[in-house]
Amino acid sequence: MAEIMGLAEAVAAVVRDGDTVAMEGFTHLIPHAAGHELIRQGRRDLTLVRLTPDVLADQLIGSGVVRKLVFGWGGNPGVGSLHRFRDAFQHGWPVPLELDEHSHAGLVNRYVAGASGLPFAVLRGYAGTGLEGRVGHYRPITCPFTGERLAAVAAINPDAAVVHAQRADRDGNVQIWGIVGVQKEAVLASSRSLVTVEEVVDRLDPVPGAIVLPTWAVTAVAVAPGGAHPSYTAGYSERDNDFYVAWDAVSRDRDAFRAWIDTHVLHADGAGVPA
Amino acid sequence: MAEIMGLAEAVAAVVRDGDTVAMEGFTHLIPHAAGHELIRQGRRDLTLVRLTPDVLADQLIGSGVVRKLVFGWGGNPGVGSLHRFRDAFQHGWPVPLELDEHSHAGLVNRYVAGASGLPFAVLRGYAGTGLEGRVGHYRPITCPFTGERLAAVAAINPDAAVVHAQRADRDGNVQIWGIVGVQKEAVLASSRSLVTVEEVVDRLDPVPGAIVLPTWAVTAVAVAPGGAHPSYTAGYSERDNDFYVAWDAVSRDRDAFRAWIDTHVLHADGAGVPA
Amino acid sequence: MTATYTASEMMAVAASRALADRQVCFVGIGLPSTACNLARATHAPHLVLIYESGCIGAKPTRLPLSIGDGELADTSDTVVPVPEIFNYWLQAGRIDIGFLGAAQIDRRGNLNSTVIGDYDHPAVRLPGAGGAPEIASAAREVYVMIRQSPRTFVDRLDFRTSVGFGDGPGDRERLGLRGGGPKKVITDLGILEPDPETAELVLTHLHPGVEVDAARDATGWDLRIAPDLARTEPPDAGELAQLRRLEATQPTQKKGDA
Amino acid sequence: MTATYTASEMMAVAASRALADRQVCFVGIGLPSTACNLARATHAPHLVLIYESGCIGAKPTRLPLSIGDGELADTSDTVVPVPEIFNYWLQAGRIDIGFLGAAQIDRRGNLNSTVIGDYDHPAVRLPGAGGAPEIASAAREVYVMIRQSPRTFVDRLDFRTSVGFGDGPGDRERLGLRGGGPKKVITDLGILEPDPETAELVLTHLHPGVEVDAARDATGWDLRIAPDLARTEPPDAGELAQLRRLEATQPTQKKGDA
């Protein structure tokens with residue numbers, strides 16, 4: 001049964017140094033508050049699994065939290081590239097960054113296999129591309145019925161999944177709606193999970209398009225209002241587009257980046273309010 | 001784009017003699033009205049694919065519509081066995097019935113593979129059971145990463161899928177809610193599809209738990225109020241439990257069965273009203 | 001003074017007692033639903049009921065007539081598509097207790113729900129596998145609820161629909177079955193549990209009023225009896241009252257349906 | 001009198017015209033979204049927009065800044081999980097037109113969005129594959145929107161992220177790629193289409209004001225020119241008005257973002 005606890009305690013309970021941590025949210029519900037807590041706690045050596053590394057990933061990488069990135073597409077959409085990501089990968093600052101890249105279809109199906117208790121998934125992909133032969137998570141497989149050659153991708157079972165959702169009830173059942181992404185699969189594929197929520201309510205009233213993660217399938221729940229900012233939470237907040245645009249300049253320079261993290265993360269409380 | 005048409009026309013357009021037809025609905029939304037139209041039109045030689053053959057399957061089999069049944073579990077839950085199913089299989093009445101049986105997990109994953117454009121799906125199953133070695137849709141497969149032995153099931157791609165849903169809008173977009181079963185997969189795996197609906201509305205207002213099949217993924221829509229009876233349609237009707245109990249006696253005897261079909265199907269209109 | 005109760009009621013009560021609060025149960029209709037809802041109404045109010053129709057966390061007030069009853073869906077924490085219930089929730093090992101019934105069971109807890117007689121020309125064609133093989137394969141523990149008679153407790157199954165312990169110790173591992181297999185077989189005569197070393201069902205409890213010979217006579221193999229064979233406690237007044245309240249909610253359900 | 005318009009606007013208009021009503025399009029942000037929404041606002045009101053965030057049938061009133069914009073979800077016929085959008089909707093061949101961009105393209109329409117330079121020690125690390133390889137593989141037709149220069153139109157890709165026609169005729173079939181591959185490459189200079197026999201991109205249209213030599217100079221291989229090379233019609237007043245109305249809805253979007 002999911003335990004409702006404070007953000008700092010929840011992060012400490014669910015994520016350990018060296019863990020493989022899935023932090024998902026496809027433009028929507030990106031778990032920034034939890035990510036900032038990882039930075040505040042000085043976590044290290046994480047393998048970050050994220051379909052679409054973005055500003056959050058950039059902040060984690062630039063803060064030295066991440067030693068390996070498992071991903072599909074990395075950038076600041078509509079703005080440009082991720083400067084901290086590039087700096088870590090190309091110059092090893094602040095710590096070297098290893099990459100394990102995928103197509104989105106490949107990585108989502110790794111999550112599906114992981115959530116399904118299977119060691120691999122099958123898809124049409126990888127053939128003829130440069131990732132073929134380069135990545136360990138892909139191998140060819142032959143259909144036992146048709147002889148057709150397809151792609152097998154190894155299941156991914158992270159140690160921890162960290163996601164943001166709209167709300168939970170007092171028993172810890174979690175409700176997510178809007179663009180639900182791959183969060184259900186990430187949580188179900190992982191050994192432990194932390195869900196930050198905008199609020200805890202008495203009852204989860206049904207919402208069109210909502211998915212529910214039963215409390216017994218989640219490890220910890222922590223209240224983090226605005227916990228997706230600058231991403232958004234349908235029904236609660238809007239995407240802070242200006243933030244994403246401004247991030248380009250903030251993150252371009254190591255010192256500017258460190259100053260931003262210092263003000264907005266290290267010396268901020270769990271609500272992201274700078275000291 | 002789905003065409004909205006009368007039930008008779010829609011059935012004639014979507015289902016042809018000799019077709020493999022998926023008729024799905026897991027206790028809920030079972031497409032009885034469409035099935036009765038198949039009987040009225042004297043369709044023949046169908047391979048009926050249905051996870052849970054039930055009273056509807058019994059009626060189709062007993063009317064000589066079905067020559068082969070692809071299924072997982074066949075019975076009248078809580079009441080007893082299906083007499084027409086047994087009569088056809090064991091005595092060839094009214095026409096011989098071939099069986100291709102599955103576990104539910106096997107058949108649902110065949111639908112998933114079919115809907116996903118893959119020739120097979122992988123699951124944990126079949127090993128050590130009597131179906132191993134007996135059925136053509138299963139073959140063992142080895143995980144290319146772990147060497148683990150798993151089950152592969154061949155994709156199923158029916159010629160037609162026939163399902164019942166709550167409603168469609170005037171463009172033919174279909175909305176289904178409640179126990180959604182495997183209907184989305186069945187429709188997407190099939191070359192053609194017919195969705196019977198309780199009503200056509202101007203707009204599909206969002207409903208918690210609802211799935212939507214876009215009009216361009218459906219072939220035909222036909223209005224059939226009460227089209228699931230004696231099964232039910234969440235939001236529109238209740239399961240007619242008495243009918244299921246009474247079916248045992250009706251179907252036990254060939255003459256009683258034929259008389260029932262004559263009165264309630266052959267001489268009934270599309271609304272199931274006996275002449 | 002002992003209350004009178006039926007064999008089915010004893011089975012439901014015995015199964016209910018075997019459930020612990022907060023366990024996650026994969027349930028079919030009939031006695032398993034009765035047992036689980038009795039447990040929910042008594043000592044296990046947070047028992048999680050999952051039905052293969054896609055209902056997760058169902059909390060029915062009436063015993064369901066079918067696994068797709070509207071009330072199951074209406075009271076569930078969530079309803080998911082059927083592929084998801086099998087792939088994410090059962091196969092991935094999230095089920096603590098899986099309930100199964102069958103037409104035949106053998107000494108290793110393997111089950112037949114497919115045919116009596118020859119497969120191609122059976123004496124009786126049974127419903128088939130349904131969800132059973134994967135429940136038998138994946139659930140952490142399987143509880144089988146089945147009447148005990150020479151017709152059901154057979155030396156050799158006519159068809160193996162679902163694997164209990166297969167051909168013996170180590171067979172589940174060899175076949176890659178990740179769940180623990182049948183841990184309790186609850187009958188109208190008593191309770192059997194597997195011997196961990198031989199993977200053979202052993203009679204561990206006799207229900208009140210049932211003697212060992214009756215159990216032996218009802219078994220098509222040389223039934224092993226536990227040295228510390230115990231007596232099932234009869235249903236107490238509270239259990240019976242809750243059970244009968246539940247049964248009254250579904251008058252059309254055949255009593256003793258397993 | 002000809003209106004003035006930017007090269008990006010010409011690209012958006014050319015792509016919009018290439019779309020037929022009711023086609024199902026898999027769209028990313030930037031020029032593809034602009035083109036699709038322009039088509040929706042002009043000749044293709046029933047165009048179906050699918051975004052890999054899970055939005056099916058999005059009908060935004062503002063150009064989206066991201067593929068997961070709230071308005072995309074709010075206006076969609078339905079929003080599905082990301083595994084489903086890839087497995088049921090893209091992989092199964094339900095997409096008519098898939099839009100792609102890239103950092104590099106070669107004469108066979110293969111694309112690079114992974115690295116400039118060596119893979120392990122690149123000069124520039126690009127975003128990576130994202131949805132592109134499977135869009136390239138599965139869409140019935142792929143439209144590529146990309147600026148044309150010797151930097152982008154290269155003789156040999158530094159990395160092959162997505163397959164166009166691979167190494168030549170028959171290669172898609174050999175690799176098991178079921179979609180038709182790149183059928184139009186829309187650049188700021190003109191339009192290229194594949195020669196069905198050689199699977200090589202051929203310049204079929206030049207935009208107004210662009211001459212053949214400019215296109216040749218902007219291409220890192222010996223660019224083939226169609227014998228019946230045509231001139232793209234410039235944007236008409238109606239197209240431009242709609243396009244600018246759309247662009248005004250999203251002032252923060254970099255103009256000409258591809």
# chains A, B, ... in the order shown; residues from 1 in each chain; ligands from 1
>>> interface_residues(of="chain B", to="chain C", cutoff="8 Å", atoms="only C-alpha atoms", output="ChimeraX atom specification")
/B:26-28,51-52,72-75,77-79,81,86,90,101-105,108-109,112,123-131,148-150,178-182,209,234,238-239,241
>>> residues_around(residues="Lys184 (chain A)", least_positions_apart="5", cutoff="9 Å", atoms="only C-alpha atoms", output="ChimeraX atom specification")
/A:115,189,211-213 /D:81
>>> calpha_fit_and_write(fixed="chain C", moving="chain D", output="short mmCIF file (atom, residue, chain, number, x, y, z; two decimals) with C-alpha atoms, in the first residue's frame")
data_model
loop_
_atom_site.label_atom_id
_atom_site.label_comp_id
_atom_site.auth_asym_id
_atom_site.auth_seq_id
_atom_site.Cartn_x
_atom_site.Cartn_y
_atom_site.Cartn_z
CA MET D 1 -24.94 -25.94 19.88
CA THR D 2 -23.69 -26.19 16.33
CA ALA D 3 -25.48 -24.31 13.60
CA THR D 4 -26.33 -26.28 10.53
CA TYR D 5 -24.67 -25.27 7.32
CA THR D 6 -24.14 -26.74 3.91
CA ALA D 7 -20.95 -28.20 2.54
CA SER D 8 -20.70 -25.20 0.18
CA GLU D 9 -20.95 -22.85 3.09
CA MET D 10 -18.14 -24.69 4.84
CA MET D 11 -16.05 -24.39 1.69
CA ALA D 12 -16.70 -20.67 1.41
CA VAL D 13 -15.85 -20.11 5.06
CA ALA D 14 -12.69 -22.20 4.87
CA ALA D 15 -11.52 -20.26 1.83
CA SER D 16 -12.41 -16.94 3.39
CA ARG D 17 -10.33 -17.73 6.44
CA ALA D 18 -7.37 -18.53 4.21
CA LEU D 19 -7.30 -14.97 2.93
CA ALA D 20 -5.37 -12.21 4.66
CA ASP D 21 -6.34 -8.58 4.56
CA ARG D 22 -4.89 -6.57 1.67
CA GLN D 23 -4.08 -9.64 -0.38
CA VAL D 24 -4.73 -9.28 -4.09
CA CYS D 25 -7.07 -11.99 -5.37
CA PHE D 26 -7.94 -13.01 -8.92
CA VAL D 27 -11.49 -14.22 -8.69
CA GLY D 28 -14.08 -16.03 -10.72
CA ILE D 29 -17.82 -16.29 -10.04
CA GLY D 30 -19.33 -18.80 -7.71
CA LEU D 31 -17.65 -19.98 -4.54
CA PRO D 32 -14.46 -17.93 -5.03
CA SER D 33 -16.47 -14.71 -5.23
CA THR D 34 -18.47 -15.79 -2.23
CA ALA D 35 -15.35 -16.57 -0.24
CA CYS D 36 -13.63 -13.30 -1.17
CA ASN D 37 -16.64 -11.17 -0.41
CA LEU D 38 -17.16 -12.99 2.88
CA ALA D 39 -13.55 -12.24 3.76
CA ARG D 40 -14.10 -8.59 2.83
CA ALA D 41 -17.12 -8.47 5.08
CA THR D 42 -15.33 -10.05 8.01
CA HIS D 43 -11.60 -10.04 8.68
CA ALA D 44 -10.23 -8.70 5.41
CA PRO D 45 -11.96 -5.42 4.59
CA HIS D 46 -9.13 -4.27 2.31
CA LEU D 47 -8.97 -7.47 0.28
CA VAL D 48 -8.39 -6.53 -3.35
CA LEU D 49 -10.65 -8.33 -5.82
CA ILE D 50 -9.61 -8.53 -9.45
CA TYR D 51 -11.87 -10.04 -12.10
CA GLU D 52 -10.55 -11.04 -15.51
CA SER D 53 -13.17 -8.80 -17.14
CA GLY D 54 -10.78 -5.98 -16.21
CA CYS D 55 -12.19 -4.94 -12.84
CA ILE D 56 -9.49 -4.05 -10.32
CA GLY D 57 -10.52 -3.52 -6.70
CA ALA D 58 -14.15 -4.49 -7.09
CA LYS D 59 -16.28 -4.02 -3.98
CA PRO D 60 -19.65 -5.52 -4.86
CA THR D 61 -22.55 -5.40 -2.44
CA ARG D 62 -24.19 -8.32 -4.24
CA LEU D 63 -22.54 -11.54 -5.24
CA PRO D 64 -21.87 -11.19 -8.95
CA LEU D 65 -23.67 -13.48 -11.36
CA SER D 66 -20.97 -13.01 -13.97
CA ILE D 67 -17.41 -11.73 -13.96
CA GLY D 68 -18.56 -8.79 -16.03
CA ASP D 69 -21.45 -7.69 -13.84
CA GLY D 70 -22.12 -3.98 -13.91
CA GLU D 71 -21.69 -3.67 -10.16
CA LEU D 72 -18.18 -5.07 -10.35
CA ALA D 73 -17.28 -2.36 -12.83
CA ASP D 74 -19.13 0.35 -10.93
CA THR D 75 -17.42 -0.39 -7.61
CA SER D 76 -13.92 -1.01 -8.94
CA ASP D 77 -10.98 1.30 -8.39
CA THR D 78 -10.47 1.06 -12.12
CA VAL D 79 -11.56 -1.02 -15.11
CA VAL D 80 -8.88 -1.87 -17.64
CA PRO D 81 -9.00 -3.64 -21.00
CA VAL D 82 -8.76 -7.42 -20.92
CA PRO D 83 -5.29 -7.60 -22.52
CA GLU D 84 -4.03 -5.37 -19.73
CA ILE D 85 -5.55 -7.43 -16.94
CA PHE D 86 -3.76 -10.51 -18.21
CA ASN D 87 -0.46 -8.92 -19.22
CA TYR D 88 0.21 -6.23 -16.63
CA TRP D 89 -1.69 -7.55 -13.64
CA LEU D 90 -1.67 -11.35 -13.79
CA GLN D 91 1.35 -12.31 -15.86
CA ALA D 92 3.65 -9.80 -14.16
CA GLY D 93 3.11 -11.55 -10.83
CA ARG D 94 0.95 -9.04 -8.99
CA ILE D 95 -1.65 -11.56 -7.87
CA ASP D 96 -1.30 -13.07 -4.39
CA ILE D 97 -4.14 -15.60 -4.58
CA GLY D 98 -5.66 -17.02 -7.74
CA PHE D 99 -8.84 -19.01 -7.39
CA LEU D 100 -9.60 -21.93 -9.67
CA GLY D 101 -12.24 -24.58 -10.06
CA ALA D 102 -12.19 -27.59 -12.37
CA ALA D 103 -13.95 -30.73 -13.44
CA GLN D 104 -10.98 -32.92 -12.50
CA ILE D 105 -7.94 -32.59 -10.30
CA ASP D 106 -5.03 -35.00 -9.87
CA ARG D 107 -2.69 -35.64 -6.98
CA ARG D 108 -0.31 -32.91 -8.15
CA GLY D 109 -3.03 -30.29 -8.34
CA ASN D 110 -3.12 -30.24 -12.11
CA LEU D 111 -6.59 -29.37 -13.38
CA ASN D 112 -8.90 -30.32 -16.21
CA SER D 113 -11.65 -28.00 -17.44
CA THR D 114 -11.46 -29.00 -21.11
CA VAL D 115 -12.85 -32.48 -21.82
CA ILE D 116 -13.98 -35.69 -20.17
CA GLY D 117 -12.77 -38.52 -22.34
CA ASP D 118 -10.85 -38.25 -25.55
CA TYR D 119 -9.97 -34.74 -26.76
CA ASP D 120 -11.26 -35.13 -30.29
CA HIS D 121 -14.32 -37.19 -29.36
CA PRO D 122 -15.02 -36.40 -25.75
CA ALA D 123 -17.71 -37.92 -23.63
CA VAL D 124 -18.28 -34.41 -22.32
CA ARG D 125 -16.96 -31.20 -23.80
CA LEU D 126 -16.24 -28.81 -20.90
CA PRO D 127 -15.99 -25.00 -21.09
CA GLY D 128 -12.26 -24.90 -21.73
CA ALA D 129 -9.31 -23.02 -20.33
CA GLY D 130 -10.47 -19.44 -19.99
CA GLY D 131 -8.12 -17.64 -17.64
CA ALA D 132 -7.20 -20.75 -15.69
CA PRO D 133 -3.85 -21.79 -17.20
CA GLU D 134 -2.30 -18.38 -16.66
CA ILE D 135 -3.81 -18.03 -13.18
CA ALA D 136 -2.33 -21.43 -12.36
CA SER D 137 0.97 -20.32 -13.80
CA ALA D 138 1.34 -16.80 -12.42
CA ALA D 139 -0.48 -16.42 -9.10
CA ARG D 140 1.76 -16.46 -6.07
CA GLU D 141 -0.58 -19.05 -4.63
CA VAL D 142 -3.52 -20.87 -6.14
CA TYR D 143 -6.54 -21.93 -4.14
CA VAL D 144 -8.64 -24.60 -5.81
CA MET D 145 -12.27 -24.97 -4.80
CA ILE D 146 -13.74 -28.24 -5.97
CA ARG D 147 -16.10 -30.97 -4.87
CA GLN D 148 -14.34 -34.14 -3.86
CA SER D 149 -15.49 -37.40 -5.42
CA PRO D 150 -13.94 -40.18 -7.49
CA ARG D 151 -15.32 -38.35 -10.52
CA THR D 152 -13.36 -35.21 -9.74
CA PHE D 153 -10.35 -36.49 -7.83
CA VAL D 154 -8.88 -38.72 -10.51
CA ASP D 155 -5.68 -40.64 -10.75
CA ARG D 156 -5.07 -39.33 -14.25
CA LEU D 157 -6.63 -36.28 -15.86
CA ASP D 158 -8.35 -36.73 -19.17
CA PHE D 159 -6.73 -33.45 -20.21
CA ARG D 160 -4.35 -31.11 -18.45
CA THR D 161 -5.80 -27.63 -18.81
CA SER D 162 -3.85 -25.95 -16.01
CA VAL D 163 -0.59 -26.92 -14.36
CA GLY D 164 -0.42 -27.48 -10.62
CA PHE D 165 2.86 -29.21 -9.87
CA GLY D 166 3.04 -30.90 -13.24
CA ASP D 167 4.85 -34.20 -13.07
CA GLY D 168 6.48 -33.57 -9.74
CA PRO D 169 9.03 -31.51 -7.83
CA GLY D 170 10.95 -29.11 -10.03
CA ASP D 171 8.51 -29.38 -12.89
CA ARG D 172 7.06 -25.90 -12.40
CA GLU D 173 10.56 -24.43 -12.50
CA ARG D 174 11.45 -26.47 -15.54
CA LEU D 175 8.34 -25.20 -17.32
CA GLY D 176 9.11 -21.61 -16.33
CA LEU D 177 5.98 -21.16 -14.22
CA ARG D 178 6.79 -18.34 -11.87
CA GLY D 179 3.90 -18.56 -9.41
CA GLY D 180 3.87 -20.93 -6.46
CA GLY D 181 1.16 -23.31 -7.64
CA PRO D 182 -1.77 -24.74 -5.71
CA LYS D 183 -1.30 -24.15 -2.01
CA LYS D 184 -4.76 -25.08 -0.87
CA VAL D 185 -7.42 -27.33 -2.32
CA ILE D 186 -10.67 -26.68 -0.52
CA THR D 187 -13.33 -29.32 -0.96
CA ASP D 188 -16.67 -30.22 0.56
CA LEU D 189 -14.89 -32.80 2.66
CA GLY D 190 -11.78 -30.99 3.83
CA ILE D 191 -8.62 -29.18 2.81
CA LEU D 192 -5.57 -30.51 1.01
CA GLU D 193 -2.17 -28.89 0.81
CA PRO D 194 0.91 -29.88 -1.16
CA ASP D 195 3.80 -31.69 0.44
CA PRO D 196 6.71 -29.40 -0.40
CA GLU D 197 9.03 -32.33 -0.98
CA THR D 198 6.93 -34.56 -3.16
CA ALA D 199 4.59 -31.90 -4.59
CA GLU D 200 1.70 -34.22 -3.83
CA LEU D 201 -1.58 -33.12 -2.28
CA VAL D 202 -1.97 -34.22 1.31
CA LEU D 203 -5.21 -34.06 3.30
CA THR D 204 -4.52 -31.69 6.16
CA HIS D 205 -8.01 -30.93 7.41
CA LEU D 206 -11.32 -32.70 7.57
CA HIS D 207 -14.48 -30.65 7.81
CA PRO D 208 -16.73 -31.26 10.78
CA GLY D 209 -18.70 -34.47 10.46
CA VAL D 210 -16.44 -35.94 7.78
CA GLU D 211 -14.28 -38.95 8.48
CA VAL D 212 -11.05 -39.96 6.83
CA ASP D 213 -12.49 -42.94 5.02
CA ALA D 214 -15.02 -40.73 3.30
CA ALA D 215 -12.18 -38.60 1.99
CA ARG D 216 -10.21 -41.66 0.88
CA ASP D 217 -13.27 -43.12 -0.84
CA ALA D 218 -13.81 -39.83 -2.62
CA THR D 219 -10.30 -39.82 -4.04
CA GLY D 220 -9.25 -41.69 -7.15
CA TRP D 221 -5.69 -42.18 -5.92
CA ASP D 222 -4.15 -43.40 -2.72
CA LEU D 223 -4.84 -40.26 -0.72
CA ARG D 224 -2.06 -39.19 1.63
CA ILE D 225 -3.16 -38.09 5.04
CA ALA D 226 -1.17 -35.61 7.13
CA PRO D 227 0.17 -37.10 10.35
CA ASP D 228 -1.20 -34.07 12.15
CA LEU D 229 -4.56 -34.18 10.40
CA ALA D 230 -6.74 -31.48 11.90
CA ARG D 231 -10.41 -30.66 12.01
CA THR D 232 -11.65 -27.52 10.25
CA GLU D 233 -13.38 -25.22 12.66
CA PRO D 234 -17.03 -25.05 11.73
CA PRO D 235 -18.40 -21.71 10.54
CA ASP D 236 -19.12 -19.49 13.50
CA ALA D 237 -22.31 -17.53 13.87
CA GLY D 238 -20.77 -14.34 12.56
CA GLU D 239 -19.32 -15.96 9.48
CA LEU D 240 -22.58 -17.74 8.74
CA ALA D 241 -24.62 -14.61 9.15
CA GLN D 242 -22.42 -12.66 6.76
CA LEU D 243 -22.30 -15.54 4.32
CA ARG D 244 -26.05 -15.93 4.24
CA ARG D 245 -26.53 -12.21 3.91
CA LEU D 246 -24.28 -12.36 0.86
CA GLU D 247 -25.96 -15.42 -0.58
CA ALA D 248 -29.32 -13.70 -0.22
CA THR D 249 -28.13 -10.89 -2.45
CA GLN D 250 -27.99 -13.27 -5.38
CA PRO D 251 -30.91 -15.68 -5.18
CA THR D 252 -30.48 -16.87 -8.75
CA GLN D 253 -26.97 -18.10 -8.17
CA LYS D 254 -26.97 -21.85 -7.83
CA LYS D 255 -25.97 -22.59 -4.29
CA GLY D 256 -22.76 -24.43 -4.09
CA ASP D 257 -21.68 -23.42 -7.52
CA ALA D 258 -17.95 -23.95 -7.78
#
>>> closest_residue(among="A:Glu132, A:Asp255, A:Glu9, A:Asp17", to="Val153 (chain A)", atoms="only C-alpha atoms")
A:Glu132
>>> atom_distance(atom1="CA of Arg40 (chain B)", atom2="CA of Gln59 (chain B)")
11.6 Å
>>> interface_residues(of="chain B", to="chain A", cutoff="10 Å", atoms="only C-alpha atoms", output="ChimeraX atom specification")
/B:113,116-124,136-148,150,152-155,205-211
>>> write_last_selection(atoms="N, CA and C atoms", output="tab-separated table (two decimals), in the first residue's frame")
chain	number	residue	atom	x	y	z
B	113	ALA	N	-1.49	-8.74	-31.03
B	113	ALA	CA	-0.54	-8.81	-32.14
B	113	ALA	C	-1.22	-8.38	-33.43
B	116	SER	N	-1.59	-4.76	-33.61
B	116	SER	CA	-0.29	-4.08	-33.62
B	116	SER	C	0.48	-4.29	-34.91
B	117	GLY	N	-0.11	-4.98	-35.86
B	117	GLY	CA	0.59	-5.22	-37.11
B	117	GLY	C	1.76	-6.16	-36.98
B	118	LEU	N	1.74	-6.99	-35.95
B	118	LEU	CA	2.82	-7.97	-35.77
B	118	LEU	C	2.30	-9.36	-36.09
B	119	PRO	N	3.20	-10.28	-36.52
B	119	PRO	CA	2.73	-11.62	-36.84
B	119	PRO	C	2.60	-12.52	-35.61
B	120	PHE	N	3.10	-12.12	-34.47
B	120	PHE	CA	2.95	-12.94	-33.27
B	120	PHE	C	3.09	-12.09	-32.02
B	121	ALA	N	2.67	-12.66	-30.91
B	121	ALA	CA	2.83	-12.03	-29.60
B	121	ALA	C	3.51	-13.04	-28.68
B	122	VAL	N	4.06	-12.53	-27.61
B	122	VAL	CA	4.77	-13.37	-26.65
B	122	VAL	C	4.05	-13.32	-25.31
B	123	LEU	N	3.92	-14.46	-24.66
B	123	LEU	CA	3.36	-14.47	-23.32
B	123	LEU	C	3.94	-15.65	-22.56
B	124	ARG	N	3.61	-15.70	-21.28
B	124	ARG	CA	3.95	-16.86	-20.46
B	124	ARG	C	2.71	-17.73	-20.44
B	136	GLY	N	-2.31	-25.02	-33.44
B	136	GLY	CA	-1.38	-24.42	-34.38
B	136	GLY	C	-1.02	-22.98	-34.07
B	137	HIS	N	-1.81	-22.34	-33.19
B	137	HIS	CA	-1.56	-20.92	-32.95
B	137	HIS	C	-0.47	-20.68	-31.91
B	138	TYR	N	0.03	-21.75	-31.31
B	138	TYR	CA	1.08	-21.64	-30.28
B	138	TYR	C	2.36	-22.30	-30.77
B	139	ARG	N	3.47	-21.66	-30.52
B	139	ARG	CA	4.77	-22.29	-30.70
B	139	ARG	C	5.69	-21.77	-29.61
B	140	PRO	N	6.63	-22.57	-29.20
B	140	PRO	CA	7.57	-22.04	-28.20
B	140	PRO	C	8.51	-21.04	-28.85
B	141	ILE	N	9.02	-20.13	-28.04
B	141	ILE	CA	9.99	-19.16	-28.54
B	141	ILE	C	10.98	-18.88	-27.43
B	142	THR	N	12.21	-18.62	-27.81
B	142	THR	CA	13.25	-18.38	-26.82
B	142	THR	C	13.62	-16.91	-26.78
B	143	CYS	N	13.74	-16.37	-25.57
B	143	CYS	CA	14.12	-14.97	-25.43
B	143	CYS	C	15.54	-14.79	-25.93
B	144	PRO	N	15.75	-13.87	-26.87
B	144	PRO	CA	17.10	-13.69	-27.41
B	144	PRO	C	18.08	-13.11	-26.41
B	145	PHE	N	17.58	-12.62	-25.28
B	145	PHE	CA	18.47	-12.01	-24.29
B	145	PHE	C	18.76	-12.95	-23.13
B	146	THR	N	17.73	-13.66	-22.66
B	146	THR	CA	17.90	-14.47	-21.45
B	146	THR	C	17.89	-15.96	-21.71
B	147	GLY	N	17.51	-16.37	-22.92
B	147	GLY	CA	17.40	-17.80	-23.20
B	147	GLY	C	16.17	-18.44	-22.60
B	148	GLU	N	15.34	-17.66	-21.94
B	148	GLU	CA	14.13	-18.19	-21.32
B	148	GLU	C	13.16	-18.68	-22.39
B	150	LEU	N	9.53	-19.15	-23.74
B	150	LEU	CA	8.23	-18.52	-23.58
B	150	LEU	C	7.29	-19.03	-24.67
B	152	ALA	N	4.88	-18.23	-27.97
B	152	ALA	CA	4.50	-17.31	-29.04
B	152	ALA	C	3.14	-17.74	-29.55
B	153	VAL	N	2.26	-16.78	-29.75
B	153	VAL	CA	0.96	-17.06	-30.35
B	153	VAL	C	0.85	-16.25	-31.63
B	154	ALA	N	0.33	-16.88	-32.66
B	154	ALA	CA	0.21	-16.22	-33.95
B	154	ALA	C	-0.82	-15.11	-33.89
B	155	ALA	N	-0.55	-14.02	-34.57
B	155	ALA	CA	-1.52	-12.93	-34.64
B	155	ALA	C	-2.82	-13.44	-35.24
B	205	ASP	N	-19.83	13.41	-25.72
B	205	ASP	CA	-19.34	14.04	-24.50
B	205	ASP	C	-18.42	13.06	-23.78
B	206	PRO	N	-17.34	13.57	-23.21
B	206	PRO	CA	-16.39	12.67	-22.54
B	206	PRO	C	-17.07	11.91	-21.39
B	207	VAL	N	-16.71	10.65	-21.26
B	207	VAL	CA	-17.25	9.79	-20.21
B	207	VAL	C	-16.08	9.10	-19.53
B	208	PRO	N	-16.05	9.06	-18.20
B	208	PRO	CA	-14.95	8.38	-17.52
B	208	PRO	C	-14.82	6.93	-17.97
B	209	GLY	N	-13.61	6.53	-18.24
B	209	GLY	CA	-13.36	5.14	-18.64
B	209	GLY	C	-13.68	4.83	-20.08
B	210	ALA	N	-14.11	5.81	-20.85
B	210	ALA	CA	-14.51	5.54	-22.23
B	210	ALA	C	-13.31	5.44	-23.15
B	211	ILE	N	-13.45	4.58	-24.15
B	211	ILE	CA	-12.49	4.57	-25.25
B	211	ILE	C	-13.24	5.04	-26.49
>>> residues_around(residues="Ala22 (chain A)", least_positions_apart="2", cutoff="10 Å", atoms="only C-alpha atoms", output="MDAnalysis selection string")
chainID A and resid 19:20 24:25 46:51 70 111 156:163 183 186:187 189:190 193
